[in-house]
Amino acid sequence: MLYPQQNLARNKFDLSGIWDFRIDPDLVGEQQGWQNGVVNPRPIAVPGSWNEQYEDIYNYLGLAWYIKSTYIPQSWRGQRVFLRVGSACYFGTVYINGVKMGSHEGGHLPFAFEITDQIRWETENIVAISVENELKPTRVPSGNMSTPLLPVASFPHTTYDFFPFAGIHRLVVLYSVPQTYIDDVTVVTDIDGVNGIIKVNVRLNSAVSAQGDLQLKGGDATIVAKLNFLDGLAEMQLTVANAKFWSDKMPYLYDLVIQAGQDHYTLKVGIRTIRVQDNQILLNGKPVKLNGYGRHEDFIASGKGLNLPLLVKDYQLMRWTGANSYRTSHYPYSEEEMQLADREGFLIIDEIPAVSLQFEDDDNIAIRQRICLQQVDELIARDKNHPSVIMWCVANEPMTPRLNLTASEILTEPAVEKGKGFLERLMHRARELDPTRLVTLVTLGGTPSSWVEQCDVICMNRYWGWYVLGGEMDKALAALEQELDAAWDTWRKPVILTEFGADTLAGMHGHPNVMWTEEYQAEYIRGHLRVAGEKDYIAGMQVWNFADFAAVQSIMRVGGINMKGVFTRGRTPKMAAHVLREFWAR
Ligand code: GCB
C-alpha cells in the first residue's frame with residue numbers, strides 16, 4: 001500500500017475537487033445505473049464528510065454516490081493504472097465507466113483497484129464511488145448495539161464518543177506504474193554506536209528476476225548499492241557511518257531512492273530505535289516522554305475530511321504547547337498526517353478503529369475479530385515505514401459487560417476470557433508483522449488485568465476529577481496518584497496516561513473554579529501534570545483532547561460537542577493551553 005507518487009517512472013493525478021453527489025436511501029442507485037452518473041446531483045467537496053456540508057443530511061449515514069468525470073492522459077498508455085481511495089467511511093465501492101471494480105470495508109484505511117482494462121482513452125471516464133456508514137454491531141467501531149455507550153439517551157447510536165462522519169474523507173487519486181513495478185518496500189532501522197543500519201526489503205508485483213539499485217541521500221554522503229531481485233524480492237542492508245538519527249527533537253530524514261527495472265520509488269527514512277527498558281521508553285537508547293494529546297480528525301464543515309491547512313496549523317499549535325506526541329485516537333489518521341509527523345518529529349501511538357469493543361455475542365465477536373485483524377494488517381502495511389510511529393494500539397477501552405466487575409466476577413464472567421483471546425490475537429498479529437515497535441491497548445478503570453498482560457506500555461484513560469470525584473480536585477488527584485502507583489506496582493512497565501480531561505466551555509470563568517470553567521480545566525491539568533511529574537515510571541501524559549470535537553447528541557455533550565479540548569473547535573486556546581506550555585514548552 002505504497003503512497004502514490006509522481007516521479008521519473010510514475011504518474012499521479014489527484015481527483016480532489018467538487019464531485020456530483022446523491023444520497024440513495026432506497027438503495028436503487030446500482031439498479032438505476034447511477035454508476036454512470038446521477039440525475040439532479042448536488043455538488044459536494046472531496047475530500048470531506050457529507051454531514052456538515054448539508055444540514056439536511058447531518059444524521060444521514062446510509063448509501064450515497066459520488067461521481068466525477070475525468071480524462072486520463074494518452075501519455076499514461078502502456079502503464080498500469082490504479083484508482084486509490086485514501087479513506088471511504090465506512091464501506092466504499094468503486095465503479096469505472098459503470099463497471100464495479102471492488103469494495104472495501106473499514107473507514108480509515110486506503111484501498112486501490114487496478115482499472116487499466118476499463119479505461120477509455122479517447123473520452124472522459126466516469127469514476128463513481130458509493131459509500132455508506134450504517135451503524136451496525138458487526139462493524140468496527142460498532143453501532144446500534146443493545147448496550148448503549150452512555151447511560152443517557154444519545155443519537156446517533158454509536159458505541160463511541162465522536163460523530164460518525166461519513167463520506168470520502170481522504171484523497172482519491174489515479175496513478176500509473178510500469179508493467180513491472182515496486183509493490184512494497186519495508187525499511188527497518190537500527191543503531192550501532194554512531195552508525196545507522198538500514199535494512200531494506202523490496203517486493204515487485206511479479207515473481208521476476210530483475211536488476212535495480214538503491215541510493216540513500218542525506219547527511220554528508222550518498223550511498224549506492226545494487227539490488228538483485230529473485231522471484232520479485234530483493235533485500236539489502238546499508239550502513240550509514242556517522243548517521244544523523246531521527247528524533248522528536250531532530251527529525252532528520254534521509255531520501256531512499258529505489259530503482260527496479262523501469263520503476264522508481266522514493267521513501268523518506270528516519271534512522272531510529274524504540275524500545276522499553278524497565279520504567280522507561282527509550283528512543284535511540286535515551287529516555288523519552290510522550291507529552292501531548294489524544295486528538296480527532298474533526299473540523300467545522302470538513303468533518304473528518306482531510307484539511308491540509310488545519311493539519312499544518314494543528315502541528316504548529318501542538319508544538320506551541322511543547323507537545324511532542326499524540327495518539328491517533330480512535331482510528332488511523334491520514335497518510336499526510338503521518339508524513340508531517342515524520343517531518344516535524346512527533347511520536348505517534350497509531351491506533352486501529354477498535355473503540356469500546358464488547359465481547360458478549362459470539363457471532364458478532366467473530367466478525368469483529370476478522371475486521372480488527374484486517375485493520376491491524378492494513379494499518380501496519382500503510383504505516384510501517386514512518387519513523388514517527390513508535391507504538392501500535394489495538395484497542396481503546398475494550399469493555400466488560402458492566403464497568404468495575406469485582407475480582408470474583410472477573411473470574412466467572414465469560415466475556416473476560418473471550419476479550420482476552422480477542423485482544424491477544426490482535427497484539428500477536430501486530431508483533432508478528434512488526435517486531436520492531438511497541439504494542440499496546442488503552443484501558444479504562446476496571447479493565448481486567450488479563451487483557452493488559454501483553455502490553456509493552458501500560459496506557460490508561462482516567463477521568464478522576466471529571467466523571468469521578470468531579471469538583472473534588474484534592475480527592476481526585478489523591479485517587480489518581482494511588483491508581484498510577486498501583487499500576488506501576490502491578491506491571492513494572494512504563495505508564496502513559498493516554499486520556500485525562502475536563503469539559504470546558506471556552507469563555508466561561510469562575511472563581512472559585514467550578515466544573516466547566518476554564519479555571520477548572522487549567523487547575524485539573526496542572527494537578528495531573530504535577531502528580532505525574534513526580535513519578536519516574538510515567539512515560540507520557542496525553543491530554544484529552546487537543547481540540548473540542550463533534551460528538552453525538554446527548555445531555556452529556558452541549559451542542560453535540562465534546563468540550564474537553566484545550567483549544568476550541570475553531571483552534572482558539574483555552575487557559576489550559578497556557579498551562580501546558582508552562583510544563584512542556586520550557
Ligand atoms: C473516553 C474515550 C473518549 C471520550 C472521552 C470522554 O474514555 O476514550 O473517546 O471522548 O472518554 O470525553 O468522555
# chains A, B, ... in the order shown; residues from 1 in each chain; ligands from 1
call {"tool": "residues_around", "arguments": {"residues": "Asn545 of chain A", "least_positions_apart": "3", "cutoff": "7 Å", "atoms": "only C-alpha atoms", "output": "list in words"}}
result
Tyr293, Gly294, Arg295, Gly501, Asp548, Lys564, Gly565 and Val566 of chain A
call {"tool": "residues_around", "arguments": {"residues": "Thr116 of chain A", "least_positions_apart": "2", "cutoff": "7 Å", "atoms": "only C-alpha atoms", "output": "list in words"}}
result
Arg80, Val81, Phe82, Glu114, Gln118 and Ile119 of chain A
call {"tool": "write_last_selection", "arguments": {"atoms": "N, CA and C atoms", "output": "PDB file, in the first residue's frame"}}
result
ATOM      1  N   ARG A  80       0.247   0.593 -16.066  1.00  0.00           N
ATOM      2  CA  ARG A  80      -0.900   0.053 -15.325  1.00  0.00           C
ATOM      3  C   ARG A  80      -1.474   1.177 -14.486  1.00  0.00           C
ATOM      4  N   VAL A  81      -2.790   1.318 -14.543  1.00  0.00           N
ATOM      5  CA  VAL A  81      -3.429   2.451 -13.884  1.00  0.00           C
ATOM      6  C   VAL A  81      -4.306   1.957 -12.740  1.00  0.00           C
ATOM      7  N   PHE A  82      -4.203   2.653 -11.618  1.00  0.00           N
ATOM      8  CA  PHE A  82      -4.966   2.306 -10.417  1.00  0.00           C
ATOM      9  C   PHE A  82      -5.790   3.503  -9.949  1.00  0.00           C
ATOM     10  N   GLU A 114      -6.973  -1.857  -9.622  1.00  0.00           N
ATOM     11  CA  GLU A 114      -6.402  -1.615 -10.950  1.00  0.00           C
ATOM     12  C   GLU A 114      -7.553  -1.423 -11.932  1.00  0.00           C
ATOM     13  N   GLN A 118     -10.390  -0.964 -18.007  1.00  0.00           N
ATOM     14  CA  GLN A 118     -11.675  -0.260 -18.151  1.00  0.00           C
ATOM     15  C   GLN A 118     -11.517   1.131 -18.751  1.00  0.00           C
ATOM     16  N   ILE A 119     -10.267   1.566 -18.931  1.00  0.00           N
ATOM     17  CA  ILE A 119     -10.063   2.973 -19.315  1.00  0.00           C
ATOM     18  C   ILE A 119     -10.524   3.246 -20.748  1.00  0.00           C
TER      19      ILE A 119
END
call {"tool": "residues_around", "arguments": {"residues": "segment 168-178 of chain A", "least_positions_apart": "4", "cutoff": "7 Å", "atoms": "only C-alpha atoms", "output": "NGL selection string"}}
result
:A and (4 or 9-16 or 46-49 or 76 or 79-89 or 262-263 or 304-306)
call {"tool": "residues_near_ligand", "arguments": {"ligand": "ligand 1", "cutoff": "10 Å", "atoms": "only C-alpha atoms and all ligand atoms", "output": "PDB file with C-alpha atoms, in the first residue's frame"}}
result
ATOM      1  CA  LEU A 150     -23.789   6.350  27.604  1.00  0.00           C
ATOM      2  CA  THR A 159     -20.521   2.970  20.750  1.00  0.00           C
ATOM      3  CA  TYR A 160     -18.071   5.823  20.651  1.00  0.00           C
ATOM      4  CA  ASP A 161     -17.924   9.440  21.637  1.00  0.00           C
ATOM      5  CA  PHE A 162     -17.371  11.139  18.293  1.00  0.00           C
ATOM      6  CA  GLY A 294      -5.484  12.421  22.183  1.00  0.00           C
ATOM      7  CA  ARG A 295      -6.915  14.055  19.079  1.00  0.00           C
ATOM      8  CA  HIS A 296      -9.595  13.710  16.421  1.00  0.00           C
ATOM      9  CA  SER A 329      -7.491   8.269  18.771  1.00  0.00           C
ATOM     10  CA  HIS A 330      -9.602   6.421  17.712  1.00  0.00           C
ATOM     11  CA  VAL A 355     -13.216   1.695  20.135  1.00  0.00           C
ATOM     12  CA  SER A 356     -15.258   0.238  23.014  1.00  0.00           C
ATOM     13  CA  ALA A 395      -7.959  -1.144  21.067  1.00  0.00           C
ATOM     14  CA  ASN A 396      -9.321   1.809  23.008  1.00  0.00           C
ATOM     15  CA  GLU A 397     -11.250   0.930  26.143  1.00  0.00           C
ATOM     16  CA  PRO A 398     -12.407  -2.608  25.381  1.00  0.00           C
ATOM     17  CA  VAL A 442      -5.710   1.553  26.104  1.00  0.00           C
ATOM     18  CA  THR A 443      -7.657   0.747  29.276  1.00  0.00           C
ATOM     19  CA  LEU A 444     -10.417   2.373  31.241  1.00  0.00           C
ATOM     20  CA  GLY A 445     -10.867   1.949  35.001  1.00  0.00           C
ATOM     21  CA  MET A 460      -4.615   4.301  30.932  1.00  0.00           C
ATOM     22  CA  ASN A 461      -7.571   6.619  30.327  1.00  0.00           C
ATOM     23  CA  ARG A 462      -8.709   8.084  33.635  1.00  0.00           C
ATOM     24  CA  TYR A 463     -11.111  10.897  34.492  1.00  0.00           C
ATOM     25  CA  TRP A 466     -14.397  14.765  35.972  1.00  0.00           C
ATOM     26  CA  TYR A 467     -16.582  11.653  35.664  1.00  0.00           C
ATOM     27  CA  THR A 498      -3.423   8.426  27.462  1.00  0.00           C
ATOM     28  CA  GLU A 499      -6.544  10.378  28.446  1.00  0.00           C
ATOM     29  CA  PHE A 500      -7.444  12.806  31.221  1.00  0.00           C
ATOM     30  CA  GLY A 501      -9.564  15.885  30.713  1.00  0.00           C
ATOM     31  CA  ALA A 502     -12.430  18.122  31.697  1.00  0.00           C
ATOM     32  CA  ASP A 503     -15.185  19.584  29.525  1.00  0.00           C
ATOM     33  CA  TRP A 544      -7.967  14.547  26.257  1.00  0.00           C
ATOM     34  CA  ASN A 545      -8.406  16.386  23.947  1.00  0.00           C
ATOM     35  CA  ASP A 548     -13.194  20.391  21.035  1.00  0.00           C
ATOM     36  CA  PHE A 549     -14.793  17.993  18.579  1.00  0.00           C
ATOM     37  CA  ALA A 550     -18.164  16.898  17.248  1.00  0.00           C
ATOM     38  CA  ALA A 551     -19.768  14.079  19.213  1.00  0.00           C
ATOM     39  CA  MET A 556     -23.565  14.982  28.210  1.00  0.00           C
ATOM     40  CA  ARG A 557     -22.495  16.940  25.115  1.00  0.00           C
ATOM     41  CA  ILE A 561     -19.677  18.919  21.122  1.00  0.00           C
ATOM     42  CA  ASN A 562     -17.185  17.228  23.421  1.00  0.00           C
ATOM     43  CA  MET A 563     -15.562  20.267  25.040  1.00  0.00           C
ATOM     44  CA  LYS A 564     -12.517  18.689  26.610  1.00  0.00           C
ATOM     45  CA  GLY A 565     -10.274  20.416  24.078  1.00  0.00           C
TER      46      GLY A 565
END
call {"tool": "atom_distance", "arguments": {"atom1": "atom CA of Val552 of chain A", "atom2": "atom CA of Leu373 of chain A"}}
result
27.2 Å
call {"tool": "select_by_dssp", "arguments": {"residues": "segment 202-253 of chain A", "states": "strand (DSSP E)", "output": "PyMOL selection string"}}
result
chain A and resi 202-204+210-218+221-229+233-240
call {"tool": "residues_around", "arguments": {"residues": "segment 191-194 of chain A", "least_positions_apart": "4", "cutoff": "8 Å", "atoms": "only C-alpha atoms", "output": "ChimeraX atom specification"}}
result
/A:241-243,271-273,284
call {"tool": "residues_around", "arguments": {"residues": "Arg275 of chain A", "least_positions_apart": "6", "cutoff": "12 Å", "atoms": "only C-alpha atoms", "output": "list in words"}}
result
Asp190, Ile281, Leu282, Leu283, Asn284, Gly285, Lys286, Pro287, Val288, Ile390, Met391, Pro435, Thr436, Arg437, Leu438, Val439, Asp456, Val457, Lys493 and Pro494 of chain A
call {"tool": "write_last_selection", "arguments": {"atoms": "C-alpha atoms", "output": "CSV table (one decimal), in the first residue's frame"}}
result
chain,number,residue,atom,x,y,z
A,190,ASP,CA,18.9,0.1,13.9
A,281,ILE,CA,10.6,4.2,26.8
A,282,LEU,CA,13.9,4.6,25.0
A,283,LEU,CA,14.2,6.5,21.7
A,284,ASN,CA,17.6,5.8,20.2
A,285,GLY,CA,18.6,4.4,23.6
A,286,LYS,CA,17.7,7.5,25.6
A,287,PRO,CA,14.6,8.0,27.7
A,288,VAL,CA,11.8,9.9,26.1
A,390,ILE,CA,6.5,4.1,17.7
A,391,MET,CA,3.6,2.1,19.0
A,435,PRO,CA,8.7,-6.9,15.8
A,436,THR,CA,10.4,-3.5,15.9
A,437,ARG,CA,7.7,-1.4,17.5
A,438,LEU,CA,5.9,-1.4,20.9
A,439,VAL,CA,2.3,-2.8,21.1
A,456,ASP,CA,4.6,-3.2,26.3
A,457,VAL,CA,3.5,0.0,27.9
A,493,LYS,CA,6.2,-1.2,32.9
A,494,PRO,CA,6.2,2.4,31.8
call {"tool": "select_by_dssp", "arguments": {"residues": "segment 196-395 of chain A", "states": "helix (DSSP H, G or I)", "output": "mmCIF file with C-alpha atoms, in the first residue's frame"}}
result
data_model
loop_
_atom_site.group_PDB
_atom_site.id
_atom_site.type_symbol
_atom_site.label_atom_id
_atom_site.label_comp_id
_atom_site.auth_asym_id
_atom_site.auth_seq_id
_atom_site.Cartn_x
_atom_site.Cartn_y
_atom_site.Cartn_z
ATOM 1 C CA LEU A 308 -4.337 20.416 4.850
ATOM 2 C CA PRO A 309 -4.232 23.948 6.297
ATOM 3 C CA LEU A 310 -5.777 22.583 9.500
ATOM 4 C CA LEU A 311 -3.171 19.863 9.653
ATOM 5 C CA VAL A 312 -0.304 22.337 9.453
ATOM 6 C CA LYS A 313 -1.979 24.613 11.974
ATOM 7 C CA ASP A 314 -2.608 21.794 14.431
ATOM 8 C CA TYR A 315 1.025 20.713 14.341
ATOM 9 C CA GLN A 316 2.074 24.293 14.907
ATOM 10 C CA LEU A 317 -0.325 24.622 17.866
ATOM 11 C CA MET A 318 0.769 21.319 19.363
ATOM 12 C CA ARG A 319 4.387 22.462 19.126
ATOM 13 C CA TRP A 320 3.443 25.816 20.633
ATOM 14 C CA GLU A 335 -1.197 9.473 5.435
ATOM 15 C CA GLU A 336 -0.474 13.177 5.023
ATOM 16 C CA GLU A 337 -0.619 13.465 8.866
ATOM 17 C CA MET A 338 1.898 10.670 9.204
ATOM 18 C CA GLN A 339 4.252 12.271 6.678
ATOM 19 C CA LEU A 340 4.067 15.555 8.554
ATOM 20 C CA ALA A 341 4.720 13.781 11.853
ATOM 21 C CA ASP A 342 7.907 12.277 10.367
ATOM 22 C CA ARG A 343 8.991 15.673 9.202
ATOM 23 C CA GLU A 344 8.073 17.600 12.347
ATOM 24 C CA ASP A 362 -20.300 -14.843 19.801
ATOM 25 C CA ASP A 363 -21.314 -14.344 16.149
ATOM 26 C CA ASN A 364 -20.595 -10.640 16.250
ATOM 27 C CA ILE A 365 -17.333 -11.186 18.103
ATOM 28 C CA ALA A 366 -16.070 -13.480 15.354
ATOM 29 C CA ILE A 367 -16.910 -10.888 12.687
ATOM 30 C CA ARG A 368 -15.318 -8.065 14.649
ATOM 31 C CA GLN A 369 -12.208 -10.145 15.226
ATOM 32 C CA ARG A 370 -11.824 -10.654 11.495
ATOM 33 C CA ILE A 371 -12.265 -6.943 10.830
ATOM 34 C CA CYS A 372 -9.841 -5.915 13.571
ATOM 35 C CA LEU A 373 -7.184 -8.288 12.241
ATOM 36 C CA GLN A 374 -7.689 -6.818 8.789
ATOM 37 C CA GLN A 375 -7.303 -3.336 10.269
ATOM 38 C CA VAL A 376 -4.055 -4.300 12.016
ATOM 39 C CA ASP A 377 -2.755 -5.755 8.734
ATOM 40 C CA GLU A 378 -3.753 -2.711 6.685
ATOM 41 C CA LEU A 379 -2.504 -0.196 9.233
ATOM 42 C CA ILE A 380 0.911 -1.799 9.546
ATOM 43 C CA ALA A 381 1.183 -2.194 5.775
ATOM 44 C CA ARG A 382 0.423 1.514 5.415
ATOM 45 C CA ASP A 383 2.429 2.993 8.295
#
call {"tool": "closest_residue", "arguments": {"among": "A:Gly345, A:Pro332, A:Pro25, A:Gly471", "to": "Ser247 of chain A", "atoms": "only C-alpha atoms"}}
result
A:Gly345
call {"tool": "closest_residue", "arguments": {"among": "A:Ala210, A:Leu135, A:Ala166, A:Leu256", "to": "Ile198 of chain A", "atoms": "only C-alpha atoms"}}
result
A:Leu256
call {"tool": "decode", "arguments": {"residues": "segment 506-545 of chain A", "atoms": "N, CA and C atoms", "output": "JSON list (two decimals), in the first residue's frame"}}
result
[["chain", "number", "residue", "atom", "x", "y", "z"],
["A", 506, "ALA", "N", -15.43, 27.32, 26.49],
["A", 506, "ALA", "CA", -14.50, 28.44, 26.30],
["A", 506, "ALA", "C", -15.18, 29.75, 26.66],
["A", 507, "GLY", "N", -14.52, 30.56, 27.44],
["A", 507, "GLY", "CA", -15.09, 31.86, 27.81],
["A", 507, "GLY", "C", -15.86, 31.81, 29.11],
["A", 508, "MET", "N", -16.10, 30.61, 29.64],
["A", 508, "MET", "CA", -16.78, 30.54, 30.94],
["A", 508, "MET", "C", -15.72, 30.57, 32.04],
["A", 509, "HIS", "N", -15.88, 31.51, 32.94],
["A", 509, "HIS", "CA", -14.89, 31.66, 34.00],
["A", 509, "HIS", "C", -15.54, 31.55, 35.35],
["A", 510, "GLY", "N", -14.77, 31.27, 36.38],
["A", 510, "GLY", "CA", -15.34, 31.15, 37.72],
["A", 510, "GLY", "C", -14.27, 31.25, 38.78],
["A", 511, "HIS", "N", -14.64, 31.92, 39.82],
["A", 511, "HIS", "CA", -13.77, 31.99, 40.99],
["A", 511, "HIS", "C", -14.70, 31.87, 42.18],
["A", 512, "PRO", "N", -14.82, 30.74, 42.83],
["A", 512, "PRO", "CA", -13.98, 29.55, 42.70],
["A", 512, "PRO", "C", -14.14, 28.85, 41.34],
["A", 513, "ASN", "N", -13.16, 27.98, 41.07],
["A", 513, "ASN", "CA", -13.10, 27.35, 39.76],
["A", 513, "ASN", "C", -13.97, 26.10, 39.69],
["A", 514, "VAL", "N", -15.24, 26.28, 39.39],
["A", 514, "VAL", "CA", -16.14, 25.13, 39.34],
["A", 514, "VAL", "C", -16.04, 24.44, 37.97],
["A", 515, "MET", "N", -16.58, 23.22, 37.92],
["A", 515, "MET", "CA", -16.53, 22.43, 36.69],
["A", 515, "MET", "C", -17.10, 23.22, 35.51],
["A", 516, "TRP", "N", -16.54, 23.00, 34.34],
["A", 516, "TRP", "CA", -16.89, 23.62, 33.06],
["A", 516, "TRP", "C", -16.20, 24.97, 32.85],
["A", 517, "THR", "N", -15.62, 25.56, 33.90],
["A", 517, "THR", "CA", -14.93, 26.83, 33.68],
["A", 517, "THR", "C", -13.51, 26.58, 33.15],
["A", 518, "GLU", "N", -12.96, 27.60, 32.52],
["A", 518, "GLU", "CA", -11.58, 27.48, 32.03],
["A", 518, "GLU", "C", -10.61, 27.30, 33.20],
["A", 519, "GLU", "N", -10.95, 27.94, 34.34],
["A", 519, "GLU", "CA", -10.07, 27.81, 35.50],
["A", 519, "GLU", "C", -10.04, 26.37, 36.00],
["A", 520, "TYR", "N", -11.20, 25.71, 35.95],
["A", 520, "TYR", "CA", -11.24, 24.32, 36.43],
["A", 520, "TYR", "C", -10.36, 23.44, 35.56],
["A", 521, "GLN", "N", -10.50, 23.57, 34.26],
["A", 521, "GLN", "CA", -9.70, 22.74, 33.35],
["A", 521, "GLN", "C", -8.20, 23.03, 33.55],
["A", 522, "ALA", "N", -7.87, 24.31, 33.71],
["A", 522, "ALA", "CA", -6.45, 24.68, 33.89],
["A", 522, "ALA", "C", -5.90, 24.02, 35.16],
["A", 523, "GLU", "N", -6.69, 24.08, 36.23],
["A", 523, "GLU", "CA", -6.25, 23.53, 37.51],
["A", 523, "GLU", "C", -6.19, 22.00, 37.46],
["A", 524, "TYR", "N", -7.15, 21.43, 36.77],
["A", 524, "TYR", "CA", -7.23, 19.97, 36.60],
["A", 524, "TYR", "C", -5.97, 19.46, 35.87],
["A", 525, "ILE", "N", -5.62, 20.15, 34.81],
["A", 525, "ILE", "CA", -4.45, 19.71, 34.03],
["A", 525, "ILE", "C", -3.17, 19.98, 34.81],
["A", 526, "ARG", "N", -3.10, 21.11, 35.47],
["A", 526, "ARG", "CA", -1.92, 21.42, 36.28],
["A", 526, "ARG", "C", -1.74, 20.33, 37.36],
["A", 527, "GLY", "N", -2.84, 19.97, 38.01],
["A", 527, "GLY", "CA", -2.77, 18.94, 39.07],
["A", 527, "GLY", "C", -2.29, 17.60, 38.52],
["A", 528, "HIS", "N", -2.83, 17.22, 37.39],
["A", 528, "HIS", "CA", -2.44, 15.94, 36.80],
["A", 528, "HIS", "C", -0.95, 15.94, 36.42],
["A", 529, "LEU", "N", -0.50, 17.04, 35.82],
["A", 529, "LEU", "CA", 0.90, 17.08, 35.38],
["A", 529, "LEU", "C", 1.84, 17.12, 36.59],
["A", 530, "ARG", "N", 1.37, 17.77, 37.66],
["A", 530, "ARG", "CA", 2.21, 17.82, 38.86],
["A", 530, "ARG", "C", 2.36, 16.42, 39.46],
["A", 531, "VAL", "N", 1.23, 15.72, 39.59],
["A", 531, "VAL", "CA", 1.29, 14.35, 40.16],
["A", 531, "VAL", "C", 2.19, 13.48, 39.27],
["A", 532, "ALA", "N", 1.96, 13.53, 37.97],
["A", 532, "ALA", "CA", 2.72, 12.67, 37.06],
["A", 532, "ALA", "C", 4.19, 13.03, 37.05],
["A", 533, "GLY", "N", 4.49, 14.31, 37.22],
["A", 533, "GLY", "CA", 5.88, 14.78, 37.17],
["A", 533, "GLY", "C", 6.74, 14.17, 38.26],
["A", 534, "GLU", "N", 6.09, 13.70, 39.33],
["A", 534, "GLU", "CA", 6.85, 13.12, 40.44],
["A", 534, "GLU", "C", 7.10, 11.63, 40.26],
["A", 535, "LYS", "N", 6.57, 11.05, 39.19],
["A", 535, "LYS", "CA", 6.66, 9.59, 39.01],
["A", 535, "LYS", "C", 7.62, 9.25, 37.88],
["A", 536, "ASP", "N", 8.68, 8.55, 38.21],
["A", 536, "ASP", "CA", 9.65, 8.28, 37.14],
["A", 536, "ASP", "C", 9.17, 7.19, 36.18],
["A", 537, "TYR", "N", 8.13, 6.46, 36.54],
["A", 537, "TYR", "CA", 7.62, 5.43, 35.63],
["A", 537, "TYR", "C", 6.59, 6.00, 34.64],
["A", 538, "ILE", "N", 6.24, 7.29, 34.81],
["A", 538, "ILE", "CA", 5.30, 7.89, 33.85],
["A", 538, "ILE", "C", 6.07, 8.24, 32.57],
["A", 539, "ALA", "N", 5.69, 7.58, 31.47],
["A", 539, "ALA", "CA", 6.41, 7.77, 30.21],
["A", 539, "ALA", "C", 5.66, 8.72, 29.28],
["A", 540, "GLY", "N", 4.53, 9.23, 29.74],
["A", 540, "GLY", "CA", 3.83, 10.17, 28.88],
["A", 540, "GLY", "C", 2.52, 10.63, 29.49],
["A", 541, "MET", "N", 2.13, 11.84, 29.09],
["A", 541, "MET", "CA", 0.85, 12.41, 29.53],
["A", 541, "MET", "C", 0.17, 12.98, 28.29],
["A", 542, "GLN", "N", -0.97, 12.42, 27.93],
["A", 542, "GLN", "CA", -1.67, 12.88, 26.74],
["A", 542, "GLN", "C", -3.06, 13.39, 27.13],
["A", 543, "VAL", "N", -3.23, 14.68, 27.03],
["A", 543, "VAL", "CA", -4.48, 15.32, 27.46],
["A", 543, "VAL", "C", -5.60, 14.95, 26.51],
["A", 544, "TRP", "N", -6.76, 14.67, 27.06],
["A", 544, "TRP", "CA", -7.97, 14.55, 26.26],
["A", 544, "TRP", "C", -8.69, 15.87, 26.32],
["A", 545, "ASN", "N", -8.76, 16.62, 25.32],
["A", 545, "ASN", "CA", -8.41, 16.39, 23.95],
["A", 545, "ASN", "C", -7.63, 17.60, 23.45]]
